[in-house]
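Q: Below you'll find data_18.txt; it's compact mmCIF, C-alpha atoms.
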```
# COMPACT_ATOMS: atom_id res chain seq x y z
CA MET I 131 16.36 -22.29 24.92
CA LYS I 132 14.90 -20.47 27.89
CA LYS I 133 12.87 -23.22 29.40
CA ASP I 134 11.77 -21.32 32.47
CA GLU I 135 11.54 -17.90 30.98
CA LEU I 136 8.78 -16.94 33.42
CA LYS I 137 10.43 -18.79 36.32
CA TYR I 138 7.46 -21.01 37.00
CA LYS I 139 8.00 -24.64 37.76
CA ASP I 140 4.36 -25.65 37.51
CA ARG I 141 5.20 -29.32 37.64
CA GLY I 142 1.59 -30.33 38.23
CA LEU I 143 0.52 -28.39 35.15
CA ARG I 144 3.27 -29.98 33.07
CA ARG I 145 2.20 -33.42 34.15
CA ALA I 146 -1.42 -32.66 33.36
CA LEU I 147 -0.47 -31.49 29.88
CA GLN I 148 1.63 -34.60 29.38
CA ARG I 149 -1.36 -36.77 30.20
CA ARG I 150 -3.67 -34.81 28.00
CA ASN I 151 -1.30 -35.07 25.07
CA GLU I 152 -0.62 -38.77 25.47
CA ALA I 153 -3.23 -39.76 22.92
CA ALA I 154 -2.21 -37.00 20.52
CA GLY I 155 1.46 -37.93 20.91
CA ARG I 156 0.77 -41.50 19.88
CA MET I 157 -0.99 -40.46 16.68
CA THR I 158 0.74 -41.27 13.41
CA PRO I 159 -0.40 -40.35 9.92
CA SER I 160 -2.19 -43.13 8.07
CA ALA I 161 -0.29 -45.04 5.37
CA ASP I 162 -1.90 -43.20 2.47
CA PHE I 163 -1.67 -39.78 4.12
CA THR I 164 0.99 -38.39 1.78
CA ASP I 165 -0.56 -40.02 -1.29
CA ARG I 166 -3.88 -38.36 -0.57
CA LEU I 167 -2.12 -35.08 0.02
CA MET I 168 -0.18 -35.30 -3.25
CA GLN I 169 -3.40 -36.04 -5.11
CA ARG I 170 -4.77 -32.74 -3.85
CA ILE I 171 -1.70 -30.88 -5.08
CA PRO I 172 -2.07 -29.84 -8.73
CA GLN I 173 0.74 -31.30 -10.83
CA PRO I 174 2.11 -29.00 -13.52
CA GLU I 175 2.22 -30.50 -17.01
CA LYS I 176 5.79 -30.40 -18.22
CA LYS I 177 5.98 -32.95 -21.01
CA PRO I 178 7.93 -31.31 -23.85
CA VAL I 179 8.17 -34.46 -26.03
CA ARG I 180 4.44 -35.02 -26.10
CA ARG I 181 3.87 -31.37 -26.68
CA ARG I 182 5.92 -31.48 -29.86
CA LEU I 183 3.76 -34.27 -31.23
CA TRP I 184 0.55 -32.33 -31.13
CA PHE I 185 2.01 -28.85 -31.34
CA TYR I 186 2.48 -28.64 -35.13
CA PRO I 187 -0.81 -30.23 -36.20
CA ALA I 188 -2.62 -28.06 -33.69
CA THR I 189 -0.87 -24.98 -35.03
CA ALA I 190 -1.81 -25.95 -38.59
CA VAL I 191 -5.44 -26.51 -37.62
CA ALA I 192 -5.53 -23.20 -35.74
CA ALA I 193 -4.06 -21.39 -38.75
CA GLY I 194 -6.64 -23.01 -41.03
CA VAL I 195 -9.45 -22.01 -38.76
CA LEU I 196 -8.13 -18.46 -38.61
CA LEU I 197 -7.92 -18.33 -42.39
CA LEU I 198 -11.46 -19.61 -42.76
CA VAL I 199 -12.75 -17.12 -40.22
CA SER I 200 -11.00 -14.21 -41.90
CA LEU I 201 -12.29 -15.29 -45.32
CA HIS I 202 -15.75 -15.70 -43.92
CA PHE I 203 -15.73 -12.17 -42.53
CA LYS I 204 -14.34 -10.75 -45.73
CA TYR I 205 -17.00 -12.51 -47.79
CA ASN I 206 -19.72 -11.36 -45.44
CA LYS I 207 -18.53 -7.80 -45.76
CA VAL I 208 -19.10 -7.89 -49.54
CA GLU I 209 -22.45 -9.49 -49.02
CA THR I 210 -23.62 -6.91 -46.53
CA VAL I 211 -23.07 -3.98 -48.89
CA GLU I 212 -26.50 -3.38 -50.23
CA PRO I 213 -26.28 -2.84 -53.96
CA LEU I 214 -28.48 -0.31 -55.61
CA PRO I 215 -31.58 -1.81 -57.06
CA PRO I 216 -31.37 -2.14 -60.84
CA ALA I 217 -34.14 0.38 -61.38
CA VAL I 218 -32.30 3.11 -59.57
CA ILE I 219 -29.11 2.31 -61.38
CA ALA I 220 -30.85 2.63 -64.69
CA LEU I 221 -32.28 5.98 -63.69
CA VAL I 222 -28.98 7.33 -62.62
CA GLU I 223 -27.47 6.22 -65.88
CA GLU I 224 -30.19 8.21 -67.62
CA VAL I 225 -29.45 11.23 -65.47
CA ARG I 226 -25.87 11.12 -66.63
CA ASP I 227 -27.09 11.44 -70.19
CA THR I 228 -29.37 14.32 -69.31
CA ILE I 229 -26.55 16.13 -67.60
CA ALA I 230 -24.69 15.96 -70.85
CA LEU I 231 -27.70 17.52 -72.55
CA VAL I 232 -27.92 20.22 -69.94
CA GLN I 233 -24.31 20.98 -70.49
CA ASP I 234 -24.95 21.45 -74.18
CA SER I 235 -27.88 23.76 -73.64
CA CYS I 236 -26.24 25.88 -71.00
CA LEU I 237 -23.59 28.49 -71.38
CA ALA I 238 -19.99 27.40 -71.43
CA ARG I 239 -19.47 28.76 -67.86
CA ASN I 240 -21.85 26.18 -66.54
CA ASP I 241 -19.30 23.47 -67.24
CA THR I 242 -17.59 23.82 -63.89
CA SER I 243 -20.69 23.19 -61.82
CA VAL I 244 -21.78 20.24 -63.90
CA LEU I 245 -18.32 18.79 -63.84
CA ARG I 246 -18.24 19.13 -60.10
CA GLU I 247 -21.40 17.09 -59.79
CA SER I 248 -20.46 14.40 -62.22
CA PRO I 249 -17.96 12.49 -60.00
CA VAL I 250 -20.61 12.29 -57.26
CA LEU I 251 -23.05 10.83 -59.68
CA ALA I 252 -20.40 8.48 -60.90
CA GLN I 253 -19.92 7.25 -57.36
CA GLN I 254 -23.59 6.72 -56.82
CA SER I 255 -24.08 4.79 -60.02
CA PRO I 256 -21.44 2.25 -60.73
CA ARG I 257 -21.29 1.55 -64.42
CA LYS I 258 -20.79 -2.11 -63.89
CA PRO I 259 -23.03 -3.25 -61.07
CA SER I 260 -21.80 -6.47 -59.53
CA ARG I 261 -23.34 -9.70 -60.59
CA LYS I 262 -24.21 -10.47 -56.99
CA SER I 263 -26.43 -7.44 -56.69
CA LEU I 264 -28.19 -8.30 -59.89
CA ARG I 265 -28.52 -11.88 -58.87
CA LYS I 266 -29.87 -10.96 -55.49
CA GLU I 267 -32.94 -9.14 -56.79
CA PRO I 268 -33.71 -10.47 -60.21
CA ALA I 269 -37.47 -10.04 -59.82
CA GLN I 270 -37.29 -6.23 -59.80
CA GLU I 271 -35.96 -5.85 -63.33
CA PRO I 272 -39.01 -6.79 -65.41
CA GLU I 273 -41.36 -4.68 -63.22
CA ILE I 274 -40.14 -1.39 -64.74
CA SER I 275 -41.92 -0.59 -67.94
CA ALA I 276 -40.60 1.65 -70.71
CA ASP I 277 -43.35 4.23 -70.15
CA SER I 278 -42.79 4.62 -66.46
CA LEU I 279 -39.07 4.85 -67.08
CA ALA I 280 -39.57 7.61 -69.61
CA ARG I 281 -41.85 9.54 -67.24
CA LEU I 282 -39.39 9.26 -64.45
CA THR I 283 -36.56 10.27 -66.71
CA ALA I 284 -38.45 13.32 -67.87
CA ALA I 285 -39.27 14.39 -64.33
CA ILE I 286 -35.70 14.03 -63.19
CA GLU I 287 -34.45 15.77 -66.28
CA GLU I 288 -36.70 18.71 -65.62
CA GLU I 289 -35.64 18.91 -62.02
CA LEU I 290 -31.98 18.75 -62.96
CA ASN I 291 -32.46 21.51 -65.52
CA GLN I 292 -33.94 23.72 -62.87
CA VAL I 293 -31.12 23.01 -60.48
CA ALA I 294 -28.54 23.62 -63.17
CA ASP I 295 -30.18 26.95 -64.10
CA GLU I 296 -30.36 28.12 -60.53
CA THR I 297 -26.79 27.17 -59.90
CA TYR I 298 -25.64 28.94 -63.00
CA MET I 299 -27.52 32.12 -62.10
CA ARG I 300 -26.14 32.11 -58.58
CA GLN I 301 -22.64 31.68 -59.88
CA MET I 302 -23.11 34.47 -62.35
CA GLU I 303 -24.38 36.76 -59.62
CA VAL I 304 -21.44 36.03 -57.44
CA LEU I 305 -19.05 36.45 -60.32
CA ILE I 306 -20.52 39.79 -61.36
CA ASN I 307 -20.60 41.13 -57.82
CA SER I 308 -17.04 40.15 -57.18
CA ASP I 309 -15.63 41.88 -60.24
CA PRO I 310 -16.52 45.66 -60.62
CA GLN I 311 -15.41 45.77 -64.25
CA LEU I 312 -17.53 42.82 -65.19
CA ARG I 313 -20.38 44.37 -63.26
CA MET I 314 -20.10 47.53 -65.30
CA ILE I 315 -20.00 45.58 -68.58
CA VAL I 316 -23.04 43.58 -67.60
CA ASN I 317 -24.88 46.73 -66.53
CA GLU I 318 -24.16 48.38 -69.80
CA ILE I 319 -25.41 45.34 -71.70
CA ILE I 320 -28.57 44.99 -69.60
CA ASN I 321 -29.35 48.69 -69.22
CA PRO I 322 -27.09 51.00 -71.23
CA GLU I 323 -28.78 54.17 -70.06
CA GLY I 324 -30.25 53.15 -66.75
CA ASP I 325 -29.44 54.38 -63.30
CA ASP I 326 -27.83 52.46 -60.49
CA GLU I 327 -31.07 51.53 -58.84
CA GLN I 328 -32.33 50.02 -62.07
CA ILE I 329 -29.06 48.18 -62.48
CA ALA I 330 -29.27 46.84 -58.97
CA TYR I 331 -32.81 45.75 -59.62
CA ASN I 332 -31.80 44.07 -62.83
CA ILE I 333 -28.98 42.18 -61.10
CA LYS I 334 -31.33 41.11 -58.38
CA MET I 335 -33.78 39.89 -60.93
CA ILE I 336 -31.05 37.92 -62.57
CA MET G 161 10.39 -32.58 -15.29
CA LYS G 162 13.49 -33.62 -13.45
CA GLN G 163 13.50 -37.07 -11.99
CA GLU G 164 13.16 -37.45 -8.27
CA SER G 165 16.09 -39.83 -8.33
CA ASP G 166 18.45 -36.83 -8.55
CA THR G 167 20.74 -36.35 -5.59
CA PRO G 168 18.19 -35.83 -2.85
CA PRO G 169 18.61 -32.89 -0.54
CA GLN G 170 18.99 -34.13 3.01
CA GLY G 171 18.76 -32.50 6.39
CA ALA G 172 17.46 -29.18 7.56
CA ARG G 173 20.27 -27.28 5.88
CA ASP G 174 19.10 -28.41 2.49
CA GLU G 175 15.49 -27.57 3.24
CA ALA G 176 15.74 -24.18 1.58
CA GLN G 177 17.18 -25.78 -1.54
CA LEU G 178 14.39 -28.35 -1.56
CA ILE G 179 11.79 -25.60 -1.27
CA ARG G 180 13.45 -23.71 -4.11
CA ARG G 181 13.24 -26.78 -6.34
CA ILE G 182 9.58 -27.26 -5.48
CA LEU G 183 8.91 -23.64 -6.34
CA ASP G 184 10.79 -24.13 -9.61
CA GLY G 185 8.25 -26.72 -10.65
CA GLU G 186 9.40 -29.98 -9.11
CA THR G 187 6.18 -30.28 -7.19
CA ALA G 188 6.66 -33.99 -6.61
CA LEU G 189 9.45 -33.11 -4.19
CA PHE G 190 6.87 -31.70 -1.81
CA ARG G 191 6.23 -35.33 -0.86
CA ARG G 192 9.54 -35.28 1.00
CA LEU G 193 8.60 -32.26 3.04
CA ALA G 194 5.20 -33.79 3.73
CA ASP G 195 6.75 -37.08 4.84
CA ARG G 196 9.16 -35.25 7.06
CA TYR G 197 6.61 -33.11 8.85
CA ALA G 198 3.30 -34.95 8.60
CA GLY G 199 3.71 -36.58 12.02
CA GLN G 200 4.62 -33.37 13.81
CA VAL G 201 1.79 -31.49 12.19
CA LEU G 202 -0.71 -34.22 13.00
CA ARG G 203 0.33 -34.38 16.66
CA MET G 204 0.16 -30.64 17.04
CA VAL G 205 -3.25 -30.45 15.41
CA ALA G 206 -4.47 -33.39 17.53
CA ARG G 207 -3.92 -31.37 20.72
CA LEU G 208 -6.87 -29.26 19.68
CA ILE G 209 -8.74 -31.80 17.57
CA PRO G 210 -8.70 -35.15 19.38
CA SER G 211 -10.45 -37.20 16.68
CA GLN G 212 -7.86 -39.00 14.50
CA GLU G 213 -9.93 -38.60 11.35
CA GLU G 214 -10.56 -34.90 11.83
CA ALA G 215 -7.00 -34.28 12.93
CA GLU G 216 -5.71 -35.94 9.76
CA GLU G 217 -8.00 -33.78 7.68
CA ALA G 218 -6.69 -30.67 9.43
CA ALA G 219 -3.10 -31.88 8.99
CA GLN G 220 -3.72 -32.38 5.28
CA ASP G 221 -5.20 -28.91 5.02
CA THR G 222 -2.16 -27.56 6.84
CA LEU G 223 0.29 -29.15 4.42
CA LEU G 224 -1.77 -28.15 1.43
CA GLU G 225 -1.86 -24.57 2.67
CA ALA G 226 1.90 -24.75 3.20
CA TYR G 227 2.32 -25.89 -0.40
CA ARG G 228 0.17 -23.05 -1.70
CA SER G 229 1.98 -20.46 0.42
CA LEU G 230 5.46 -21.89 -0.08
CA GLY G 231 6.46 -18.87 -2.12
CA ARG G 232 5.82 -16.64 0.88
CA TYR G 233 8.07 -18.62 3.21
CA ASP G 234 11.15 -16.62 4.16
CA GLU G 235 13.92 -18.64 5.78
CA ARG G 236 15.34 -15.49 7.35
CA GLN G 237 12.16 -15.05 9.37
CA GLY G 238 12.43 -18.46 11.03
CA SER G 239 12.67 -22.18 10.47
CA PHE G 240 10.36 -24.03 8.13
CA GLN G 241 9.12 -26.05 11.07
CA THR G 242 8.02 -22.94 12.98
CA TRP G 243 6.35 -21.60 9.87
CA LEU G 244 4.54 -24.89 9.36
CA MET G 245 3.46 -25.04 13.01
CA SER G 246 2.01 -21.56 12.64
CA ILE G 247 -0.08 -22.75 9.70
CA ALA G 248 -1.12 -25.84 11.67
CA TYR G 249 -2.21 -23.70 14.60
CA HIS G 250 -4.36 -21.42 12.47
CA VAL G 251 -5.82 -24.28 10.44
CA SER G 252 -6.77 -26.08 13.69
CA LEU G 253 -8.56 -23.00 14.99
CA LYS G 254 -10.34 -22.68 11.67
CA HIS G 255 -11.46 -26.30 11.86
CA LEU G 256 -12.77 -25.82 15.38
CA ARG G 257 -14.69 -22.72 14.36
CA ARG G 258 -16.13 -24.42 11.30
CA GLN G 259 -17.41 -27.29 13.36
CA GLN G 260 -18.80 -24.78 15.87
CA ARG G 261 -18.06 -27.02 18.77
CA GLU G 262 -19.62 -26.11 22.06
CA LEU G 263 -16.57 -26.11 24.27
CA PRO G 264 -17.05 -26.03 28.03
CA ILE G 265 -15.08 -22.85 28.43
CA ILE G 266 -15.06 -21.18 31.83
CA GLU G 267 -14.60 -17.45 31.99
CA PRO G 268 -13.98 -16.69 35.66
CA ASP G 269 -14.90 -13.39 37.19
CA ALA G 270 -12.08 -10.90 36.76
CA LEU G 271 -12.37 -9.72 40.38
CA TRP G 272 -12.11 -13.27 41.62
CA MET G 273 -9.02 -13.74 39.52
CA GLU G 274 -7.40 -10.71 41.13
CA ASN G 275 -8.20 -12.00 44.62
CA ILE G 276 -6.13 -15.14 44.18
CA PRO G 277 -2.60 -14.44 45.43
CA ASP G 278 0.31 -15.40 43.17
CA GLU G 279 1.72 -17.68 45.86
CA GLU G 280 -1.48 -19.71 45.95
CA THR G 281 -1.44 -20.03 42.14
CA ASP G 282 2.16 -21.25 42.24
CA ILE G 283 1.28 -23.89 44.87
CA LEU G 284 -1.80 -25.11 43.00
CA LEU G 285 0.00 -25.48 39.66
CA ASP G 286 3.14 -27.02 41.13
CA ASP G 287 1.23 -29.72 43.07
CA THR G 288 1.90 -33.12 41.50
CA SER G 289 -0.57 -35.08 43.63
CA GLU G 290 -2.83 -37.35 41.63
CA SER G 291 -6.00 -35.49 42.51
CA ARG G 292 -4.56 -32.06 41.63
CA VAL G 293 -3.09 -33.28 38.35
CA ALA G 294 -6.46 -34.80 37.43
CA LEU G 295 -8.16 -31.51 38.25
CA LEU G 296 -5.57 -29.60 36.24
CA GLU G 297 -6.17 -31.90 33.32
CA ARG G 298 -9.87 -31.10 33.46
CA ALA G 299 -9.15 -27.42 33.94
CA VAL G 300 -6.89 -27.27 30.90
CA GLY G 301 -9.74 -28.77 28.84
CA MET G 302 -11.92 -25.85 29.91
CA LEU G 303 -9.59 -23.23 28.49
CA LYS G 304 -9.97 -21.55 25.13
CA PRO G 305 -8.19 -23.40 22.28
CA GLU G 306 -5.75 -20.50 21.88
CA ASP G 307 -4.83 -20.68 25.59
CA ARG G 308 -4.47 -24.45 25.49
CA MET G 309 -2.14 -24.18 22.53
CA LEU G 310 -0.08 -21.54 24.32
CA LEU G 311 0.29 -23.80 27.36
CA ASN G 312 1.27 -26.74 25.19
CA LEU G 313 3.82 -24.81 23.21
CA TYR G 314 5.36 -23.33 26.34
CA TYR G 315 5.15 -26.11 28.94
CA PHE G 316 4.99 -29.25 26.80
CA ASP G 317 7.08 -28.43 23.73
CA ASN G 318 9.37 -26.06 25.65
CA HIS G 319 9.36 -23.55 22.83
CA PRO G 320 10.86 -20.17 23.73
CA ILE G 321 8.44 -17.25 23.79
CA ARG G 322 10.05 -15.85 20.63
CA GLU G 323 9.13 -18.94 18.65
CA ILE G 324 5.66 -19.12 20.15
CA SER G 325 5.26 -15.52 19.06
CA ALA G 326 6.05 -16.57 15.48
CA ILE G 327 3.70 -19.54 15.61
CA MET G 328 0.75 -17.76 17.16
CA GLU G 329 1.49 -14.43 15.50
CA ARG G 330 1.29 -12.54 18.77
CA GLU G 331 3.57 -10.09 20.51
CA GLU G 332 5.97 -11.63 23.02
CA SER G 333 4.81 -9.25 25.73
CA TYR G 334 1.20 -10.25 25.12
CA LEU G 335 2.12 -13.93 25.38
CA ARG G 336 3.95 -13.40 28.68
CA SER G 337 1.05 -11.62 30.29
CA ARG G 338 -1.35 -14.11 28.74
CA LEU G 339 0.56 -16.98 30.34
CA GLN G 340 0.24 -15.35 33.75
CA TRP G 341 -3.45 -14.79 33.16
CA ILE G 342 -3.95 -18.43 32.16
CA ARG G 343 -2.15 -19.64 35.27
CA LYS G 344 -4.48 -17.62 37.45
CA LYS G 345 -7.44 -18.78 35.48
CA LEU G 346 -6.40 -22.39 35.99
CA ALA G 347 -6.04 -21.76 39.70
CA VAL G 348 -9.57 -20.32 39.87
CA ILE G 349 -11.00 -23.26 37.92
CA ILE G 350 -9.26 -25.77 40.21
CA LYS G 351 -10.61 -24.03 43.29
CA THR G 352 -14.09 -23.94 41.75
CA LEU G 353 -13.94 -27.64 40.89
CA GLU G 354 -12.65 -28.49 44.37
CA ASP G 355 -15.46 -26.47 45.95
CA ASN G 356 -18.03 -28.24 43.81
CA GLU G 357 -16.60 -31.65 44.76
CA GLU G 358 -16.69 -30.78 48.48
CA ARG G 359 -20.36 -29.86 48.21
```
For this file, produce the structure as structure tokens.
A:
Amino acid sequence: MKKDELKYKDRGLRRALQRRNEAAGRMTPSADFTDRLMQRIPQPEKKPVRRRLWFYPATAVAAGVLLLVSLHFKYNKVETVEPLPPAVIALVEEVRDTIALVQDSCLARNDTSVLRESPVLAQQSPRKPSRKSLRKEPAQEPEISADSLARLTAAIEEELNQVADETYMRQMEVLINSDPQLRMIVNEIINPEGDDEQIAYNIKMI
Amino acid sequence: MKQESDTPPQGARDEAQLIRRILDGETALFRRLADRYAGQVLRMVARLIPSQEEAEEAAQDTLLEAYRSLGRYDERQGSFQTWLMSIAYHVSLKHLRRQQRELPIIEPDALWMENIPDEETDILLDDTSESRVALLERAVGMLKPEDRMLLNLYYFDNHPIREISAIMEREESYLRSRLQWIRKKLAVIIKTLEDNEER
């Protein structure tokens, strides 16, 4: 140890420091010093035996709670799906019947378009509406009278007929325009002696 | 948790092992380190904080800080004692600042300091007469806490500059020049006090 690294004796200064530090040098920690210190130090909990005692019941309780929560959410999910009101369901069921009628009255080629629509309708109107949905709004059922139902059915039927007709005509037009031979056949049927302009006009009118 | 009654590590050589065990979770073993160093820490802190109660509080804070920072202690950098003294020094300064004590610090004029010849400083600080020692004692009390600690570590504890550098976290060159500056400062204060007493 280099005691006099700076080569100063400074004996007076050393003595002065010794005097100043006399009181500090006599100080000793109080009896409970370390106890108080250890109380301030957080003790880690490492008690494996005790842990085993509560570990399994706690795990079982946690699993139960998780199960209940998951069931609760699942149940709520079903509840939140708003079922179609019974009136609407009844109407859609009617529409299905009318589509069948439309199919009968239309040409055979119309089948494709109607068939394409039918699965969509099937999705919108479940055949067996859940009991919950029926139970949820039981008051709406008796409000629909037979007359109003018939009027509504007729209106929808008419609208569907129009849509079916328009769709059929559009498909026919596309079909005729896409096939020159078919176009010629149709032209001959519609206007056997007519000119092209008349034919074009006729097709447009179709 | 392992029982404390296991073969206890003894001596400074086993200190690193003891620290490792504490870091591994045997926190109760920190009591041994605390018992070993509480006195030293308290006495060092008391040089800056004379009140026993406050000094104990600062010593507790020092050891608690040491416990929290134990993972950062690197035995290759220096002894545990030096590391702990460094914490004690900084905690003491923090305590003093928190209490915002009005210390009677004298900042002598720089020009005046330069006018005092080195020989005169040497004579003033080497004088062991009762009156000069009493004046020096007063003069030391008028220094900044950092300067007082430097004087204590160098003159009273006889720590080498290298160790003081680790404790105070200062460059060795800075500490050397600072010691010279403090000596001159003390000389100026003594002369000022002597002049005041003559008047």
Q: Have a look at CA of Met328 in chain G and CA of Asp287 in chain G and let me know their distance in Å, one decimal.
A: 28.5 Å
Q: Up to 7 Å from chain I, what residues of chain G turn up? Count only C-alpha atoms and give them as an MDAnalysis selection string.
A: chainID G and resid 161 187 191 194:195 198:199 202:203 206:207 210 216 220 282 285:288 293:294 296:297 312 315:316 318 320
Q: Taking all atoms listed in the file into account, name the residue in G:Glu217, G:Glu280, G:Asp174, G:Asp184 that is nearest to His255 in chain G.
A: G:Glu217
Q: Rounded to one decimal place, report the CA of Ile324 in chain G-CA of Thr242 in chain G distance in Å.
A: 8.5 Å
Q: Which one is closest to Ser239 in chain G: G:Ile350, G:Pro305, G:Tyr334, G:Glu175? Count all atoms listed in the file.
A: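 Closest to Ser239 in chain G, using all atoms listed in the file: G:Glu175.
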Q: Residues near range 246-250 of chain G, anyone? I mean within 6 Å using only C-alpha atoms, not counting same-chain ones fewer than 2 positions away, as a ChimeraX atom specification.
A: /G:222,243-244,252-253,327
Q: Please indicate the distance in Å from CA of His319 in chain G to CA of Ser291 in chain G, rounded to one decimal place.
A: 27.7 Å
Q: Return as JSON the box centre and box size in Å, one decimal, for an axis-aligned box around all listed atoms of range 305-317 of chain I padded by 6 Å per side.
A:
```
{"center_x": -20.1, "center_y": 42.0, "center_z": -62.9, "size_x": 21.5, "size_y": 23.1, "size_z": 23.4}
```
Q: Which polymer residues have any atom within 12 Å of an atom of Gln237 in chain G, counting all atoms listed in the file, with same-chain residues fewer than 4 positions away left out, as a PyMOL selection string?
A: chain G and resi 232-233+241-243+322-323+325-327
